[in-house]
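Shown next: protein-v3.txt, containing compact mmCIF, C-alpha atoms.
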# COMPACT_ATOMS: atom_id res chain seq x y z
CA MET C 14 0.00 0.00 0.00
CA LEU C 15 1.29 3.43 -0.90
CA ASN C 16 1.53 6.11 1.67
CA VAL C 17 0.26 9.57 1.08
CA SER C 18 3.39 11.61 1.65
CA GLU C 19 5.04 9.56 -1.08
CA ARG C 20 2.14 10.18 -3.39
CA PHE C 21 2.10 13.93 -2.96
CA SER C 22 5.78 14.54 -3.38
CA PRO C 23 6.85 15.66 -6.87
CA LEU C 24 7.51 12.66 -9.08
CA ALA C 25 9.04 12.01 -12.48
CA PRO C 26 6.39 11.18 -15.11
CA ARG C 27 7.31 7.50 -15.22
CA GLU C 28 7.14 7.15 -11.47
CA ARG C 29 3.90 9.04 -11.47
CA ARG C 30 2.38 6.56 -13.91
CA ALA C 31 3.58 3.64 -11.80
CA VAL C 32 2.06 5.20 -8.70
CA LEU C 33 -1.24 5.81 -10.46
CA ARG C 34 -1.38 2.23 -11.73
CA ARG C 35 -0.63 0.84 -8.30
CA ALA C 36 -3.19 3.16 -6.77
CA PHE C 37 -5.83 2.03 -9.25
CA VAL C 38 -5.24 -1.63 -8.40
CA ASP C 39 -5.35 -0.88 -4.68
CA SER C 40 -8.65 0.93 -5.02
CA LEU C 41 -10.43 -1.68 -7.16
CA PRO C 42 -12.34 -3.22 -4.21
CA VAL C 43 -13.56 0.23 -3.16
CA LEU C 44 -14.47 0.92 -6.75
CA MET C 45 -16.60 -2.22 -6.91
CA GLY C 46 -18.11 -1.64 -3.49
CA TYR C 47 -19.07 1.93 -4.42
CA THR C 48 -20.58 0.82 -7.70
CA SER C 49 -22.84 -1.79 -6.11
CA MET C 50 -23.79 0.40 -3.16
CA GLY C 51 -24.28 3.43 -5.38
CA PHE C 52 -26.49 1.40 -7.67
CA VAL C 53 -28.68 0.20 -4.84
CA ALA C 54 -28.84 3.64 -3.18
CA GLY C 55 -29.77 5.26 -6.49
CA ALA C 56 -32.42 2.61 -7.14
CA LEU C 57 -33.97 3.11 -3.71
CA LEU C 58 -34.02 6.88 -4.13
CA ALA C 59 -35.61 6.59 -7.57
CA ALA C 60 -38.21 4.07 -6.44
CA LYS C 61 -39.21 5.39 -3.02
CA ALA C 62 -38.48 9.11 -2.73
CA GLY C 63 -41.00 10.26 -5.33
CA LEU C 64 -38.71 12.87 -6.88
CA GLY C 65 -38.91 14.37 -10.33
CA HIS C 66 -35.20 14.04 -11.10
CA ALA C 67 -33.97 11.29 -8.79
CA THR C 68 -30.93 10.70 -11.01
CA LEU C 69 -29.78 14.29 -10.66
CA TRP C 70 -30.30 14.35 -6.90
CA GLY C 71 -28.62 10.98 -6.39
CA LEU C 72 -25.64 12.26 -8.35
CA LEU C 73 -25.46 15.54 -6.45
CA SER C 74 -25.90 14.06 -2.98
CA SER C 75 -23.29 11.35 -3.57
CA ALA C 76 -20.80 13.85 -4.97
CA MET C 77 -21.40 16.29 -2.10
CA CYS C 78 -21.88 14.02 0.90
CA VAL C 79 -19.74 11.01 -0.13
CA SER C 80 -21.50 8.98 2.53
CA GLY C 81 -23.18 5.69 1.65
CA THR C 82 -24.97 5.51 4.98
CA PHE C 83 -26.45 8.96 4.45
CA SER C 84 -27.50 8.13 0.88
CA PHE C 85 -29.57 5.25 2.24
CA ALA C 86 -30.84 6.96 5.34
CA MET C 87 -32.04 10.05 3.46
CA VAL C 88 -34.46 8.10 1.24
CA GLN C 89 -37.29 7.65 3.74
CA PRO C 90 -37.21 11.21 5.17
CA VAL C 91 -37.12 12.61 1.62
CA ALA C 92 -40.14 10.47 0.77
CA ASP C 93 -41.88 11.89 3.85
CA ARG C 94 -40.65 15.40 2.92
CA ALA C 95 -39.14 15.91 6.37
CA PRO C 96 -37.80 19.41 7.11
CA ALA C 97 -34.20 20.15 6.12
CA TRP C 98 -32.86 20.31 9.66
CA THR C 99 -33.78 16.63 10.03
CA PHE C 100 -31.09 15.86 7.50
CA ALA C 101 -28.51 17.89 9.37
CA LEU C 102 -29.31 15.86 12.51
CA LEU C 103 -29.30 12.64 10.53
CA ALA C 104 -25.92 13.41 8.98
CA ALA C 105 -24.52 14.40 12.38
CA GLY C 106 -25.72 11.17 13.99
CA LEU C 107 -24.64 8.88 11.20
CA ASN C 108 -21.35 10.50 10.30
CA PHE C 109 -20.04 11.42 13.71
CA ARG C 110 -17.61 8.53 13.34
CA TYR C 111 -15.76 10.42 10.57
CA ALA C 112 -14.46 12.80 13.22
CA PHE C 113 -12.41 9.90 14.58
CA TYR C 114 -11.13 8.89 11.17
CA GLY C 115 -9.57 12.31 10.86
CA PHE C 116 -7.55 11.74 14.02
CA THR C 117 -5.81 8.84 12.31
CA MET C 118 -5.01 10.97 9.29
CA LEU C 119 -3.63 14.01 11.16
CA ALA C 120 -0.03 12.83 11.17
CA ARG C 121 -0.27 11.10 7.81
CA TRP C 122 -1.47 14.17 5.92
CA LYS C 123 0.81 16.69 7.63
CA ASP C 124 2.63 17.71 4.46
CA VAL C 125 -0.29 17.65 2.03
CA PRO C 126 -1.01 21.08 0.50
CA LEU C 127 -4.17 22.80 1.75
CA LEU C 128 -6.39 22.44 -1.32
CA ARG C 129 -5.61 18.76 -1.69
CA LYS C 130 -6.16 18.26 2.02
CA LEU C 131 -9.60 19.88 1.74
CA PHE C 132 -10.42 17.37 -1.00
CA LEU C 133 -9.04 14.43 1.00
CA VAL C 134 -11.18 15.44 3.97
CA HIS C 135 -14.15 15.62 1.60
CA MET C 136 -13.49 12.01 0.50
CA LEU C 137 -12.82 10.55 3.95
CA SER C 138 -15.41 7.73 3.82
CA ASP C 139 -15.40 4.31 5.47
CA GLU C 140 -13.99 2.61 2.42
CA ASN C 141 -11.37 5.25 1.72
CA TYR C 142 -10.37 5.21 5.35
CA ALA C 143 -10.07 1.44 5.18
CA LEU C 144 -7.71 1.87 2.24
CA GLU C 145 -5.67 4.28 4.36
CA ALA C 146 -7.22 7.15 2.47
CA GLY C 147 -6.71 5.18 -0.72
CA VAL C 148 -6.98 6.57 -4.17
CA THR C 149 -9.30 9.45 -3.92
CA ALA C 150 -9.45 10.28 -7.60
CA GLY C 151 -10.66 6.82 -8.62
CA ALA C 152 -13.14 6.63 -5.81
CA PHE C 153 -14.49 10.07 -6.69
CA ALA C 154 -15.17 9.11 -10.30
CA VAL C 155 -17.12 6.06 -9.22
CA THR C 156 -18.98 7.83 -6.47
CA LEU C 157 -20.35 10.05 -9.19
CA LEU C 158 -21.98 6.94 -10.63
CA GLN C 159 -24.19 6.74 -7.57
CA GLY C 160 -27.65 7.56 -8.70
CA ALA C 161 -26.65 7.90 -12.36
CA LEU C 162 -29.39 5.45 -13.16
CA ASP C 163 -32.52 5.35 -15.19
CA PRO C 164 -35.26 5.45 -12.54
CA ASP C 165 -37.79 3.68 -14.77
CA LEU C 166 -35.53 0.68 -15.23
CA ILE C 167 -35.24 0.14 -11.53
CA ARG C 168 -38.67 1.20 -10.33
CA ALA C 169 -40.06 -2.24 -11.15
CA ARG C 170 -38.82 -4.14 -8.15
CA THR C 171 -36.90 -2.99 -5.10
CA ASN C 172 -38.37 -5.38 -2.54
CA GLY C 173 -35.63 -6.49 -0.18
CA LEU C 174 -32.98 -4.12 -1.56
CA GLU C 175 -32.91 -2.37 1.80
CA PHE C 176 -30.85 -5.29 3.04
CA ALA C 177 -27.84 -3.84 1.17
CA MET C 178 -27.24 -1.28 3.89
CA VAL C 179 -27.33 -3.93 6.62
CA ALA C 180 -25.00 -6.08 4.53
CA LEU C 181 -22.59 -3.15 4.20
CA PHE C 182 -22.57 -2.65 7.97
CA LEU C 183 -22.08 -6.37 8.55
CA VAL C 184 -19.14 -6.38 6.14
CA ILE C 185 -17.53 -3.35 7.79
CA PHE C 186 -18.09 -4.86 11.22
CA THR C 187 -16.62 -8.20 10.14
CA ASP C 188 -13.56 -6.37 8.80
CA GLN C 189 -13.17 -4.52 12.09
CA ALA C 190 -13.55 -7.72 14.08
CA LYS C 191 -10.92 -9.39 11.90
CA GLU C 192 -8.60 -6.43 12.44
CA ILE C 193 -9.06 -6.54 16.21
CA ALA C 194 -8.51 -10.29 16.24
CA LYS C 195 -5.30 -9.82 14.26
CA HIS C 196 -3.76 -6.99 16.27
CA GLY C 197 -5.12 -7.85 19.69
CA LYS C 198 -6.83 -5.13 21.72
CA MET Z 149 -41.24 21.55 -9.14
CA GLU Z 150 -39.32 24.60 -8.03
CA ASN Z 151 -40.23 23.84 -4.41
CA GLU Z 152 -38.86 20.35 -4.82
CA PHE Z 153 -35.67 21.79 -6.31
CA LEU Z 154 -35.10 24.15 -3.37
CA TYR Z 155 -36.04 21.44 -0.88
CA MET Z 156 -33.59 18.90 -2.28
CA LEU Z 157 -30.93 21.60 -2.48
CA ALA Z 158 -31.47 22.24 1.23
CA VAL Z 159 -31.36 18.50 1.97
CA VAL Z 160 -28.12 17.92 0.11
CA GLY Z 161 -26.62 21.14 1.45
CA ALA Z 162 -27.43 20.22 5.05
CA GLY Z 163 -26.03 16.71 4.57
CA TRP Z 164 -22.86 18.02 2.98
CA ALA Z 165 -22.20 20.82 5.48
CA VAL Z 166 -22.63 18.58 8.52
CA THR Z 167 -20.73 15.62 7.07
CA TYR Z 168 -17.84 17.84 5.99
CA ALA Z 169 -17.74 19.52 9.37
CA MET Z 170 -17.51 16.10 11.04
CA ARG Z 171 -14.66 15.07 8.80
CA ALA Z 172 -12.79 18.32 9.28
CA LEU Z 173 -13.25 18.45 13.06
CA PRO Z 174 -9.95 16.86 14.13
CA PHE Z 175 -8.03 18.86 11.53
CA LEU Z 176 -9.53 22.06 12.91
CA LEU Z 177 -8.78 21.05 16.51
CA PHE Z 178 -5.16 20.32 15.83
CA ALA Z 179 -4.62 22.77 12.96
CA GLY Z 180 -1.06 23.81 12.20
CA ARG Z 181 0.39 23.05 15.60
CA GLY Z 182 2.36 19.95 14.73
CA ARG Z 183 1.25 18.63 18.09
CA GLU Z 184 1.50 14.95 18.92
CA LEU Z 185 -1.84 13.26 19.47
CA PRO Z 186 -2.63 12.21 23.02
CA ALA Z 187 -2.73 8.41 23.37
CA TRP Z 188 -6.36 8.38 24.51
CA VAL Z 189 -7.50 9.94 21.23
CA THR Z 190 -6.03 7.13 19.17
CA ARG Z 191 -7.39 4.47 21.53
CA PHE Z 192 -10.82 6.06 21.60
CA GLY Z 193 -10.84 6.38 17.81
CA SER Z 194 -10.16 2.70 17.27
CA PHE Z 195 -12.67 1.68 19.94
CA ILE Z 196 -15.61 3.85 18.90
CA SER Z 197 -15.81 2.70 15.30
CA PRO Z 198 -16.93 -0.95 15.83
CA VAL Z 199 -19.37 0.23 18.50
CA VAL Z 200 -21.01 2.67 16.10
CA ILE Z 201 -21.23 0.09 13.31
CA ALA Z 202 -22.67 -2.55 15.66
CA SER Z 203 -25.39 -0.18 16.81
CA LEU Z 204 -26.14 0.72 13.20
CA ILE Z 205 -26.59 -3.00 12.43
CA VAL Z 206 -29.07 -3.44 15.27
CA TYR Z 207 -30.92 -0.27 14.31
CA SER Z 208 -31.15 -1.08 10.61
CA TYR Z 209 -32.58 -4.53 11.34
CA SER Z 210 -35.67 -2.76 12.66
CA GLY Z 211 -36.41 -1.60 9.11
CA LEU Z 212 -36.34 -5.18 7.82
CA GLN Z 213 -38.71 -8.06 8.52
CA TRP Z 214 -37.07 -8.68 11.83
CA ARG Z 215 -39.85 -10.96 13.05
CA THR Z 216 -39.05 -13.49 10.34
CA PRO Z 217 -35.83 -15.53 10.10
CA TRP Z 218 -34.97 -14.11 6.64
CA PRO Z 219 -32.78 -11.10 7.55
CA TYR Z 220 -30.81 -13.23 9.98
CA LEU Z 221 -30.22 -15.96 7.38
CA ALA Z 222 -29.09 -13.38 4.83
CA GLY Z 223 -26.91 -11.70 7.48
CA ALA Z 224 -25.29 -15.02 8.37
CA LEU Z 225 -24.55 -15.65 4.70
CA THR Z 226 -23.03 -12.17 4.34
CA VAL Z 227 -20.75 -12.56 7.35
CA ALA Z 228 -19.77 -16.15 6.45
CA LEU Z 229 -18.90 -15.18 2.86
CA HIS Z 230 -16.96 -12.18 4.09
CA LEU Z 231 -14.96 -14.25 6.56
CA TRP Z 232 -14.26 -16.76 3.83
CA LYS Z 233 -13.58 -14.60 0.75
CA GLY Z 234 -13.13 -11.12 2.17
CA ASN Z 235 -14.66 -9.51 -0.91
CA PRO Z 236 -17.29 -6.89 0.03
CA LEU Z 237 -18.94 -6.97 -3.39
CA VAL Z 238 -19.49 -10.74 -3.23
CA SER Z 239 -20.70 -10.72 0.39
CA ILE Z 240 -23.09 -7.81 -0.06
CA SER Z 241 -24.59 -8.97 -3.35
CA ALA Z 242 -25.05 -12.54 -2.10
CA GLY Z 243 -26.73 -11.33 1.10
CA VAL Z 244 -29.05 -8.97 -0.78
CA ALA Z 245 -29.89 -11.64 -3.38
CA LEU Z 246 -30.74 -14.20 -0.69
CA TYR Z 247 -32.83 -11.69 1.26
CA MET Z 248 -34.72 -10.57 -1.85
CA ALA Z 249 -35.35 -14.19 -2.85
CA LEU Z 250 -36.57 -15.19 0.62
CA VAL Z 251 -38.79 -12.14 0.99
CA SER Z 252 -40.40 -12.48 -2.43
CA CYS Z 253 -40.84 -16.26 -2.24
CA CYS Z 254 -42.30 -16.25 1.23
CA GLY Z 255 -44.86 -13.66 0.24
CA CYS Z 256 -44.38 -11.10 2.99
CA ALA Z 257 -44.44 -7.42 2.19
CA SER Z 258 -40.93 -6.11 2.45
CA THR Z 259 -41.18 -3.05 4.59
CA HIS Z 260 -42.50 -2.48 8.06
CA HIS Z 261 -44.72 0.25 6.65
CA ASP Z 262 -46.55 -2.07 4.27
CA ARG Z 263 -46.91 -4.92 6.70
CA GLU Z 264 -48.70 -3.40 9.63
CA LEU Z 265 -51.93 -1.50 9.47
CA VAL Z 266 -53.07 -0.26 12.86
CA TYR Z 267 -56.76 0.50 13.04
CA ASP Z 268 -58.28 1.50 16.34
CA ALA Z 269 -59.98 4.56 17.74
CA ALA Z 270 -56.67 6.41 18.03
CA HIS Z 271 -55.71 5.53 14.43
CA PRO Z 272 -58.85 5.91 12.31
CA LEU Z 273 -58.42 4.32 8.89
CA ILE Z 274 -60.62 6.80 7.13
CA HIS Z 275 -60.51 10.53 7.73
CA PHE Z 276 -62.84 13.15 6.29
CA THR Z 277 -61.28 16.55 5.80
CA ASN Z 278 -62.45 19.50 3.79
CA LYS Z 279 -59.92 18.57 1.11
CA GLY Z 280 -61.35 15.11 0.66
CA MET Z 281 -61.34 11.62 2.13
CA LYS Z 282 -58.09 10.15 3.35
CA PHE Z 283 -57.20 6.50 3.85
CA ARG Z 284 -54.38 6.75 6.38
CA ASP Z 285 -52.20 9.40 4.77
CA ARG Z 286 -53.42 9.43 1.16
CA TYR Z 287 -56.45 10.92 -0.46
CA VAL Z 288 -58.69 8.27 -1.99
CA THR Z 289 -62.02 7.71 -3.72
CA PRO Z 290 -64.63 5.45 -2.08
CA GLU Z 291 -63.65 2.56 -4.38
CA GLU Z 292 -59.97 2.98 -3.55
CA ALA Z 293 -60.75 2.90 0.16
CA VAL Z 294 -62.46 -0.48 -0.23
CA ARG Z 295 -59.63 -1.76 -2.43
CA LEU Z 296 -57.07 -0.72 0.21
CA LEU Z 297 -59.08 -2.44 2.97
CA LYS Z 298 -58.97 -5.65 0.91
CA LYS Z 299 -55.28 -5.19 0.08
CA HIS Z 300 -54.36 -4.82 3.74
CA LYS Z 301 -56.57 -7.84 4.57
CA VAL Z 302 -58.71 -5.96 7.07
CA PRO Z 303 -61.31 -8.50 8.26
CA LYS Z 304 -64.94 -7.84 7.35
CA ASP Z 305 -65.97 -7.81 11.01
CA ALA Z 306 -63.29 -5.33 12.08
CA THR Z 307 -64.38 -2.02 13.56
CA ILE Z 308 -63.44 0.68 11.06
CA HIS Z 309 -63.35 4.18 12.47
CA MET Z 310 -64.25 7.02 10.13
CA LEU Z 311 -63.08 10.28 11.65
CA VAL Z 312 -64.89 13.46 10.57
CA ASP Z 313 -62.84 16.62 11.07
CA GLU Z 314 -63.96 19.21 13.58
CA ASP Z 315 -64.21 21.92 10.92
CA PHE Z 316 -65.70 19.59 8.32
CA SER Z 317 -68.04 21.77 6.27
CA SER Z 318 -68.86 19.56 3.28
CA PRO Z 319 -72.37 18.08 3.09
CA ARG Z 320 -73.16 15.36 5.56
CA ALA Z 321 -74.01 13.10 2.61
CA THR Z 322 -70.28 12.70 1.93
CA TRP Z 323 -69.56 10.46 4.84
CA VAL Z 324 -73.04 8.91 4.92
CA PHE Z 325 -72.37 7.75 1.35
CA GLN Z 326 -69.00 6.30 2.33
CA HIS Z 327 -70.53 4.58 5.34
CA ASN Z 328 -73.17 2.92 3.15
CA TYR Z 329 -70.58 2.08 0.53
CA LEU Z 330 -68.44 0.24 3.07
CA GLY Z 331 -71.55 -1.54 4.35
CA LYS Z 332 -72.41 -2.75 0.87
CA ALA Z 333 -68.84 -4.00 0.42
CA GLY Z 334 -69.31 -6.17 3.52
CA TYR Z 335 -67.61 -3.98 6.12
CA ARG Z 336 -70.57 -3.81 8.49
CA LYS Z 337 -68.88 -2.31 11.49
CA ALA Z 338 -67.83 1.08 10.12
CA ILE Z 339 -68.22 3.74 12.79
CA VAL Z 340 -68.46 7.47 12.21
CA VAL Z 341 -66.52 9.47 14.80
CA HIS Z 342 -67.00 13.21 14.95
CA ALA Z 343 -63.85 14.92 16.12
CA ARG Z 344 -65.91 17.63 17.84
CA HIS Z 345 -67.67 15.01 19.97
CA ALA Z 346 -64.84 12.62 20.43
CA SER Z 347 -63.27 14.44 23.36
CA SER Z 348 -66.27 16.27 24.84
CA SER Z 349 -69.34 15.08 26.66
CA ALA Z 350 -71.68 17.08 24.44
CA PRO Z 351 -75.14 15.59 23.96
CA LYS Z 352 -75.14 12.90 21.30
CA ARG Z 353 -76.77 13.60 17.98
CA ARG Z 354 -78.96 11.10 16.25
CA ASP Z 355 -76.19 9.83 13.89
CA ASP Z 356 -73.93 9.20 16.84
CA ARG Z 357 -76.52 7.17 18.66
CA ARG Z 358 -76.88 4.98 15.63
CA ASN Z 359 -73.10 4.65 15.20
CA PRO Z 360 -71.76 5.27 18.69
CA PRO Z 361 -68.09 6.26 18.77
CA ARG Z 362 -66.24 3.65 20.82
CA ARG Z 363 -63.21 4.98 22.56
Let me see whether you can do it: turn the structure in this file into structure tokens.
Amino acid sequence: MLNVSERFSPLAPRERRAVLRRAFVDSLPVLMGYTSMGFVAGALLAAKAGLGHATLWGLLSSAMCVSGTFSFAMVQPVADRAPAWTFALLAAGLNFRYAFYGFTMLARWKDVPLLRKLFLVHMLSDENYALEAGVTAGAFAVTLLQGALDPDLIRARTNGLEFAMVALFLVIFTDQAKEIAKHGK
Amino acid sequence: MENEFLYMLAVVGAGWAVTYAMRALPFLLFAGRGRELPAWVTRFGSFISPVVIASLIVYSYSGLQWRTPWPYLAGALTVALHLWKGNPLVSISAGVALYMALVSCCGCASTHHDRELVYDAAHPLIHFTNKGMKFRDRYVTPEEAVRLLKKHKVPKDATIHMLVDEDFSSPRATWVFQHNYLGKAGYRKAIVVHARHASSSAPKRRDDRRNPPRR
């Protein structure tokens, strides 16, 4: 796995290409995870939220919030047309954990220039964190796919799709349990 | 349409602002000081994450058919596959596929919302407002109301409360018609409840004696 300080130091073009290739391979699992989760989240939003342009809103919310949990959790309140402050509370409750992810990254990102650091903070999701703030560019491109779906194609049948979120949590939890088992307490 | 645009903009904006603030919090706290992190912060950070995820798992099960074995079977498959292969895509898709298959084969409605229909005096099924007749939270025609009763498998001998709003100013015939319509469809125990009488001890009118509100 690459580390970030290496990645952000000036590199010769050939080295840069090698780093990018390596980074792409490292981020493939995240890429696939985001695609499947983004697909399901977009389908749920299109089918249940009753919006005119679900594709547009799925795209915008995934690009802005970069939070799979929030993409799922927002569907029902949007369908109920809950007031906007509900979503602020929801995001605070669901994404409070990101505050702790940042603590891990403090030392790691010490030498990253400000603009890039702002972007890295923007992309600090579960999966990217798991990749040690993996390859943000690749992940960003795929996150944009979230919700880029034809609502009519998916509207037909979404029964049981809500299990995807639970499955994601189970997978993350299993990973964490594995990690704890490996490193001790 | 424009309202929806502004609303969704507010939703996404709120989500983004709060999420970004959460992510930026530690960077703001320790900005530009080159300070070493206290040991408790690192320990706390690694401890809090599994706790949060575990509580999210428990919470999100409440949105599934948690009274049936299906979500637990699918969950077991997800965890087992993930322990075995360690590929999130495989584990998640297999779990979702199994859950969808079980739910659709075993003929239960998928969401909590669809499954349970509470109908008692505190939750009248039918509600007359000046804007029209509502079945739970949607406006319906008399035929739709009967269709929904059948769809939700409300028994013919169930007591169906029909709440008439306090400021209901449409002709009385509106709810009398609906009452008769339900009767003809076999729902004999439809009761008209007037909101203005429901909480007071005002003298009963003739209609109420015939269909006494039961509280």
>> Should the cut-off be 7 Å, what would the residue list for chain Z against chain C look like, counting all atoms listed in the file, as JSON, numbers by chain?
In response: {"Z": [158, 159, 160, 162, 163, 164, 166, 167, 168, 170, 171, 172, 173, 174, 175, 193, 197, 198, 201, 202, 205, 208, 223, 226, 227, 230, 236, 237, 240, 243, 244, 247, 248, 251, 258]}
Let me see the file: selected residues, C-alpha atoms, as an mmCIF file, in the frame of the given file.
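What follows is the written file result_35.cif:
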data_model
loop_
_atom_site.group_PDB
_atom_site.id
_atom_site.type_symbol
_atom_site.label_atom_id
_atom_site.label_comp_id
_atom_site.auth_asym_id
_atom_site.auth_seq_id
_atom_site.Cartn_x
_atom_site.Cartn_y
_atom_site.Cartn_z
ATOM 1 C CA ALA Z 158 -31.470 22.240 1.230
ATOM 2 C CA VAL Z 159 -31.360 18.500 1.970
ATOM 3 C CA VAL Z 160 -28.120 17.920 0.110
ATOM 4 C CA ALA Z 162 -27.430 20.220 5.050
ATOM 5 C CA GLY Z 163 -26.030 16.710 4.570
ATOM 6 C CA TRP Z 164 -22.860 18.020 2.980
ATOM 7 C CA VAL Z 166 -22.630 18.580 8.520
ATOM 8 C CA THR Z 167 -20.730 15.620 7.070
ATOM 9 C CA TYR Z 168 -17.840 17.840 5.990
ATOM 10 C CA MET Z 170 -17.510 16.100 11.040
ATOM 11 C CA ARG Z 171 -14.660 15.070 8.800
ATOM 12 C CA ALA Z 172 -12.790 18.320 9.280
ATOM 13 C CA LEU Z 173 -13.250 18.450 13.060
ATOM 14 C CA PRO Z 174 -9.950 16.860 14.130
ATOM 15 C CA PHE Z 175 -8.030 18.860 11.530
ATOM 16 C CA GLY Z 193 -10.840 6.380 17.810
ATOM 17 C CA SER Z 197 -15.810 2.700 15.300
ATOM 18 C CA PRO Z 198 -16.930 -0.950 15.830
ATOM 19 C CA ILE Z 201 -21.230 0.090 13.310
ATOM 20 C CA ALA Z 202 -22.670 -2.550 15.660
ATOM 21 C CA ILE Z 205 -26.590 -3.000 12.430
ATOM 22 C CA SER Z 208 -31.150 -1.080 10.610
ATOM 23 C CA GLY Z 223 -26.910 -11.700 7.480
ATOM 24 C CA THR Z 226 -23.030 -12.170 4.340
ATOM 25 C CA VAL Z 227 -20.750 -12.560 7.350
ATOM 26 C CA HIS Z 230 -16.960 -12.180 4.090
ATOM 27 C CA PRO Z 236 -17.290 -6.890 0.030
ATOM 28 C CA LEU Z 237 -18.940 -6.970 -3.390
ATOM 29 C CA ILE Z 240 -23.090 -7.810 -0.060
ATOM 30 C CA GLY Z 243 -26.730 -11.330 1.100
ATOM 31 C CA VAL Z 244 -29.050 -8.970 -0.780
ATOM 32 C CA TYR Z 247 -32.830 -11.690 1.260
ATOM 33 C CA MET Z 248 -34.720 -10.570 -1.850
ATOM 34 C CA VAL Z 251 -38.790 -12.140 0.990
ATOM 35 C CA SER Z 258 -40.930 -6.110 2.450
#
> To one decimal place, how far is CA of Gly63 (chain C) from CA of Val206 (chain Z) in Å?
Replying inline: 27.5 Å
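If you measure from each of Z:Lys337, Z:Met156, Z:Leu225, Z:His342 to Thr307 (chain Z) using only C-alpha atoms, the closest one turns out to be Z:Lys337.
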> By how many Å are CA of Ser241 (chain Z) and CA of Ala67 (chain C) apart?
Replying inline: 23.0 Å
> Which of these, C:Lys61, C:Arg35, C:Thr68, C:Arg121, has the shortest distance to Asp93 (chain C) once you count all atoms listed in the file?
Replying inline: C:Lys61
> CA of Leu273 (chain Z) and CA of Arg320 (chain Z) are how many Å apart?
Replying inline: 18.7 Å
